[in-house]
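Here is the structure we will look at.
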Amino acid sequence: KKKMAETAPEVVNTDVSSQAETPMAIKETEPSQAEMPDTDAFIVESNNVSDLTESENQALKELKQLIQHALNNGDFAPHQSLAKQEPLEQPDNAEEETMSETKEVESMDLAEDDGAKTVEAIEETIVAISFSAETSTKAEIDGSCKEQVFIWGIPLLQDERSNVVLLKFLRARDFKVKDAFTMLKNTIQWRKEFGIEELYEQNLDDMEGLGKAVFMHGCSREGHPVCYNVYGQFKEKELYHKTFSDEDKRERFLKWRIQFLERSIRKLDFCPGGISTIVQVNDLKDSPGPGKWELRQATKQALHLLQDNYPEFVAKQVFINVPWWYLAVNRMISPFLSQRTKSKFVFASPSKSTETLLKYKAAEKIPVRYGGVCKDGEFSSEEAITELVVMPSAKRTVEFAVPEACVMKWEVRVVGWEVSYGAEFVPDDKDGYTVIIQKAKKITPKEEIVSNSFKLSEPGKIVFTIDNPTPRKKKLLYRYKTKACLD
């Protein structure tokens, strides 16, 4: 027996606010267990000293010795040049020793980096990746002439968090101690000269329009904060002109970008075993082409600052809505990259973007515009999604057993849709009527989320069916909850 529901497809009880949530059972037809997505998990190097190899541990100890010597001598003082570390004044009888030490420091040359490092830096900056940091650089010289230096809010050599910071510089320089020390010293100097601490507190309200182009949103499956870079926003002429049209505006944009980085990285956990890296999602849909000279200038400037002063802050670079020509360029560059570098980059065409994001981020954490279900509404981002696969040319049915009268709410989304969806209520009473909540209809790819709400007056089950007529597998996303009826 069947009859059409007399109410609209979405039936909402006006007394929802006074209802209490109740547990319920769920039953799914074949297969009996929900398939979990292939997370394609990426490995992040350990920040625990005990996990380092013998040579890495030795490099860390040597770097600490160089830093301690520099702190004792006040070598991080702000008056020194970035390009060249000037020797401190020494007594006459120590002149020879000082000259030797100065030559040793000056001999450090970052040009030893291999081509893969350079290509990696270019790749990361073409999309203006956004790391971030929090620092307050103090130079407090006490009676022992020892300087105290902070970087990203971490005091050097004061606790175990310092090891995490130093390992970033060592890994950026392939554990070449002198190169890592020079990079660290130059970064500290740059932060003082750029005025990072003052910039961190500065009010840049006039740049609020950039909030749709760069923003943090949720975490990856492994807990890494996720930063979205939406380059299509710069297709808007007014925003592009306001941001890049002259040197002063590009300089202000760079300051805003750095401030964003600094404020974001303050939330990272620098304790050993903590999350001290982020995942970048770079949306290239409708991004300005290579002919935009002003954008290229801003990118070039960002390249210099990011590769020199923000090492090892990206766990994964995910490029989505990638045009065919970008994929072709990447194939040409790929053979010149190290395996470690290539493991950080993922490229997805428009048709594969949502599927790719789901490998690294749960659907309830992904914004609706990118194929997820995260939006303002009845469900929160903390209410988990169940993911299933609907096989080609097949149907899949999901049942929610409802043991008592209640209000049932659920959301359904199929990645790419092009399937039919229908829902009905089947009572436990054999003499009862099956109620069609939503008649089966084809859902187009433009559809985002289908939401249903239904008030049940008797025990039974909600059944919805997905019919996939296409020759491709489809990812089914859904979640539900119930509230008791108090009337």
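Each chain in the structure tokens gets a letter, A, B, ..., in the order shown, and its residues are numbered from 1; ligands are numbered from 1 in order too.
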
If you run DSSP on this backbone, which residues of segment 170-393 of chain A come out as helix (DSSP H, G or I), and could you give them as a count of residues only? 118

Identify, on the basis of only C-alpha atoms, every residue whose closest approach to Asn468 of chain A does not exceed 12 Å; exclude the query and any residue fewer than 5 positions from it along the same chain; express the result as a PDB file with N, CA, C and O atoms, in the first residue's frame.
ATOM      1  N   VAL A 389      29.610   4.081  -1.699  1.00  0.00           N
ATOM      2  CA  VAL A 389      29.837   4.061  -3.142  1.00  0.00           C
ATOM      3  C   VAL A 389      28.636   3.418  -3.828  1.00  0.00           C
ATOM      4  O   VAL A 389      28.163   2.357  -3.414  1.00  0.00           O
ATOM      5  N   VAL A 390      28.133   4.089  -4.848  1.00  0.00           N
ATOM      6  CA  VAL A 390      27.071   3.519  -5.675  1.00  0.00           C
ATOM      7  C   VAL A 390      27.718   3.036  -6.965  1.00  0.00           C
ATOM      8  O   VAL A 390      28.296   3.822  -7.715  1.00  0.00           O
ATOM      9  N   MET A 391      27.642   1.757  -7.213  1.00  0.00           N
ATOM     10  CA  MET A 391      28.310   1.164  -8.353  1.00  0.00           C
ATOM     11  C   MET A 391      27.659   1.599  -9.669  1.00  0.00           C
ATOM     12  O   MET A 391      26.500   2.021  -9.699  1.00  0.00           O
ATOM     13  N   PRO A 392      28.391   1.493 -10.790  1.00  0.00           N
ATOM     14  CA  PRO A 392      27.830   1.862 -12.100  1.00  0.00           C
ATOM     15  C   PRO A 392      26.597   1.036 -12.438  1.00  0.00           C
ATOM     16  O   PRO A 392      26.536  -0.167 -12.133  1.00  0.00           O
ATOM     17  N   SER A 393      25.634   1.669 -13.063  1.00  0.00           N
ATOM     18  CA  SER A 393      24.404   0.997 -13.511  1.00  0.00           C
ATOM     19  C   SER A 393      23.783   0.160 -12.394  1.00  0.00           C
ATOM     20  O   SER A 393      23.397  -1.008 -12.591  1.00  0.00           O
ATOM     21  N   ALA A 394      23.698   0.739 -11.212  1.00  0.00           N
ATOM     22  CA  ALA A 394      23.177   0.009 -10.054  1.00  0.00           C
ATOM     23  C   ALA A 394      22.396   0.948  -9.145  1.00  0.00           C
ATOM     24  O   ALA A 394      22.510   2.174  -9.235  1.00  0.00           O
ATOM     25  N   LYS A 395      21.602   0.344  -8.265  1.00  0.00           N
ATOM     26  CA  LYS A 395      20.849   1.085  -7.266  1.00  0.00           C
ATOM     27  C   LYS A 395      21.444   0.823  -5.880  1.00  0.00           C
ATOM     28  O   LYS A 395      21.985  -0.249  -5.625  1.00  0.00           O
ATOM     29  N   ARG A 396      21.306   1.817  -5.021  1.00  0.00           N
ATOM     30  CA  ARG A 396      21.730   1.621  -3.639  1.00  0.00           C
ATOM     31  C   ARG A 396      20.654   2.183  -2.727  1.00  0.00           C
ATOM     32  O   ARG A 396      20.196   3.312  -2.914  1.00  0.00           O
ATOM     33  N   THR A 397      20.261   1.398  -1.748  1.00  0.00           N
ATOM     34  CA  THR A 397      19.202   1.779  -0.822  1.00  0.00           C
ATOM     35  C   THR A 397      19.762   1.895   0.589  1.00  0.00           C
ATOM     36  O   THR A 397      20.530   1.037   1.034  1.00  0.00           O
ATOM     37  N   VAL A 414      25.213  13.411  -3.733  1.00  0.00           N
ATOM     38  CA  VAL A 414      26.007  12.483  -4.540  1.00  0.00           C
ATOM     39  C   VAL A 414      26.956  13.324  -5.377  1.00  0.00           C
ATOM     40  O   VAL A 414      26.527  14.258  -6.058  1.00  0.00           O
ATOM     41  N   VAL A 415      28.241  13.021  -5.284  1.00  0.00           N
ATOM     42  CA  VAL A 415      29.252  13.794  -6.007  1.00  0.00           C
ATOM     43  C   VAL A 415      28.992  13.681  -7.511  1.00  0.00           C
ATOM     44  O   VAL A 415      28.995  12.590  -8.078  1.00  0.00           O
ATOM     45  N   GLY A 416      28.764  14.831  -8.145  1.00  0.00           N
ATOM     46  CA  GLY A 416      28.486  14.835  -9.578  1.00  0.00           C
ATOM     47  C   GLY A 416      27.056  14.500  -9.950  1.00  0.00           C
ATOM     48  O   GLY A 416      26.672  14.645 -11.119  1.00  0.00           O
ATOM     49  N   TRP A 417      26.238  14.034  -8.965  1.00  0.00           N
ATOM     50  CA  TRP A 417      24.850  13.624  -9.161  1.00  0.00           C
ATOM     51  C   TRP A 417      24.647  12.835 -10.460  1.00  0.00           C
ATOM     52  O   TRP A 417      25.265  11.799 -10.608  1.00  0.00           O
ATOM     53  N   GLU A 418      23.782  13.288 -11.395  1.00  0.00           N
ATOM     54  CA  GLU A 418      23.381  12.510 -12.578  1.00  0.00           C
ATOM     55  C   GLU A 418      22.807  11.158 -12.166  1.00  0.00           C
ATOM     56  O   GLU A 418      23.008  10.134 -12.829  1.00  0.00           O
ATOM     57  N   VAL A 419      22.101  11.148 -11.049  1.00  0.00           N
ATOM     58  CA  VAL A 419      21.440   9.940 -10.550  1.00  0.00           C
ATOM     59  C   VAL A 419      20.020  10.317 -10.157  1.00  0.00           C
ATOM     60  O   VAL A 419      19.663  11.490 -10.091  1.00  0.00           O
ATOM     61  N   SER A 420      19.205   9.308  -9.887  1.00  0.00           N
ATOM     62  CA  SER A 420      17.854   9.545  -9.392  1.00  0.00           C
ATOM     63  C   SER A 420      17.821   9.309  -7.892  1.00  0.00           C
ATOM     64  O   SER A 420      18.488   8.409  -7.368  1.00  0.00           O
ATOM     65  N   TYR A 421      17.024  10.147  -7.207  1.00  0.00           N
ATOM     66  CA  TYR A 421      16.905  10.045  -5.751  1.00  0.00           C
ATOM     67  C   TYR A 421      15.434  10.056  -5.364  1.00  0.00           C
ATOM     68  O   TYR A 421      14.640  10.853  -5.877  1.00  0.00           O
ATOM     69  N   LYS A 441      13.365  11.276  -8.634  1.00  0.00           N
ATOM     70  CA  LYS A 441      13.610  12.186  -9.748  1.00  0.00           C
ATOM     71  C   LYS A 441      15.104  12.290  -9.997  1.00  0.00           C
ATOM     72  O   LYS A 441      15.927  12.073  -9.101  1.00  0.00           O
ATOM     73  N   LYS A 442      15.454  12.643 -11.215  1.00  0.00           N
ATOM     74  CA  LYS A 442      16.865  12.778 -11.567  1.00  0.00           C
ATOM     75  C   LYS A 442      17.414  14.088 -11.024  1.00  0.00           C
ATOM     76  O   LYS A 442      16.788  15.139 -11.135  1.00  0.00           O
ATOM     77  N   ILE A 443      18.610  14.012 -10.416  1.00  0.00           N
ATOM     78  CA  ILE A 443      19.258  15.185  -9.849  1.00  0.00           C
ATOM     79  C   ILE A 443      20.427  15.570 -10.755  1.00  0.00           C
ATOM     80  O   ILE A 443      21.277  14.733 -11.084  1.00  0.00           O
ATOM     81  N   LYS A 473      31.372   4.955 -11.048  1.00  0.00           N
ATOM     82  CA  LYS A 473      31.040   4.898  -9.628  1.00  0.00           C
ATOM     83  C   LYS A 473      30.675   6.293  -9.140  1.00  0.00           C
ATOM     84  O   LYS A 473      31.212   7.284  -9.622  1.00  0.00           O
ATOM     85  N   LYS A 474      29.789   6.341  -8.162  1.00  0.00           N
ATOM     86  CA  LYS A 474      29.365   7.609  -7.583  1.00  0.00           C
ATOM     87  C   LYS A 474      29.560   7.576  -6.068  1.00  0.00           C
ATOM     88  O   LYS A 474      29.286   6.555  -5.425  1.00  0.00           O
ATOM     89  N   LYS A 475      30.030   8.702  -5.521  1.00  0.00           N
ATOM     90  CA  LYS A 475      30.213   8.822  -4.074  1.00  0.00           C
ATOM     91  C   LYS A 475      28.949   9.387  -3.449  1.00  0.00           C
ATOM     92  O   LYS A 475      28.504  10.479  -3.792  1.00  0.00           O
ATOM     93  N   LEU A 476      28.349   8.618  -2.542  1.00  0.00           N
ATOM     94  CA  LEU A 476      27.138   9.025  -1.849  1.00  0.00           C
ATOM     95  C   LEU A 476      27.497   9.539  -0.458  1.00  0.00           C
ATOM     96  O   LEU A 476      28.197   8.866   0.308  1.00  0.00           O
TER      97      LEU A 476
END

Using only C-alpha atoms for the distances, tell me which of A:Lys409, A:Gln280, A:Leu204, A:Ile188 is nearest to Tyr360 of chain A. A:Gln280

Any idea what the distance is between atom CA of Lys359 of chain A and atom CA of Ser220 of chain A?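 Separation between atom CA of Lys359 of chain A and atom CA of Ser220 of chain A: 9.1 Å.
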
Across A:Leu63, A:Met216, A:Ala362, A:Leu199, the smallest distance to Leu184 of chain A, with only C-alpha atoms counted, is shown by A:Leu63

Would you compute the distance between atom CA of Gly291 of chain A and atom CA of Gln307 of chain A? Give it in Å to one decimal.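 Atom CA of Gln307 of chain A lies 23.7 Å from atom CA of Gly291 of chain A.
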
Let me make sure I understand: among A:Ile449, A:Leu254, A:Val165, A:Val214, which one has the smallest atom-to-atom distance to Val373 of chain A if we use only C-alpha atoms?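 Of A:Ile449, A:Leu254, A:Val165, A:Val214, the one nearest Val373 of chain A, counting only C-alpha atoms, is A:Ile449.
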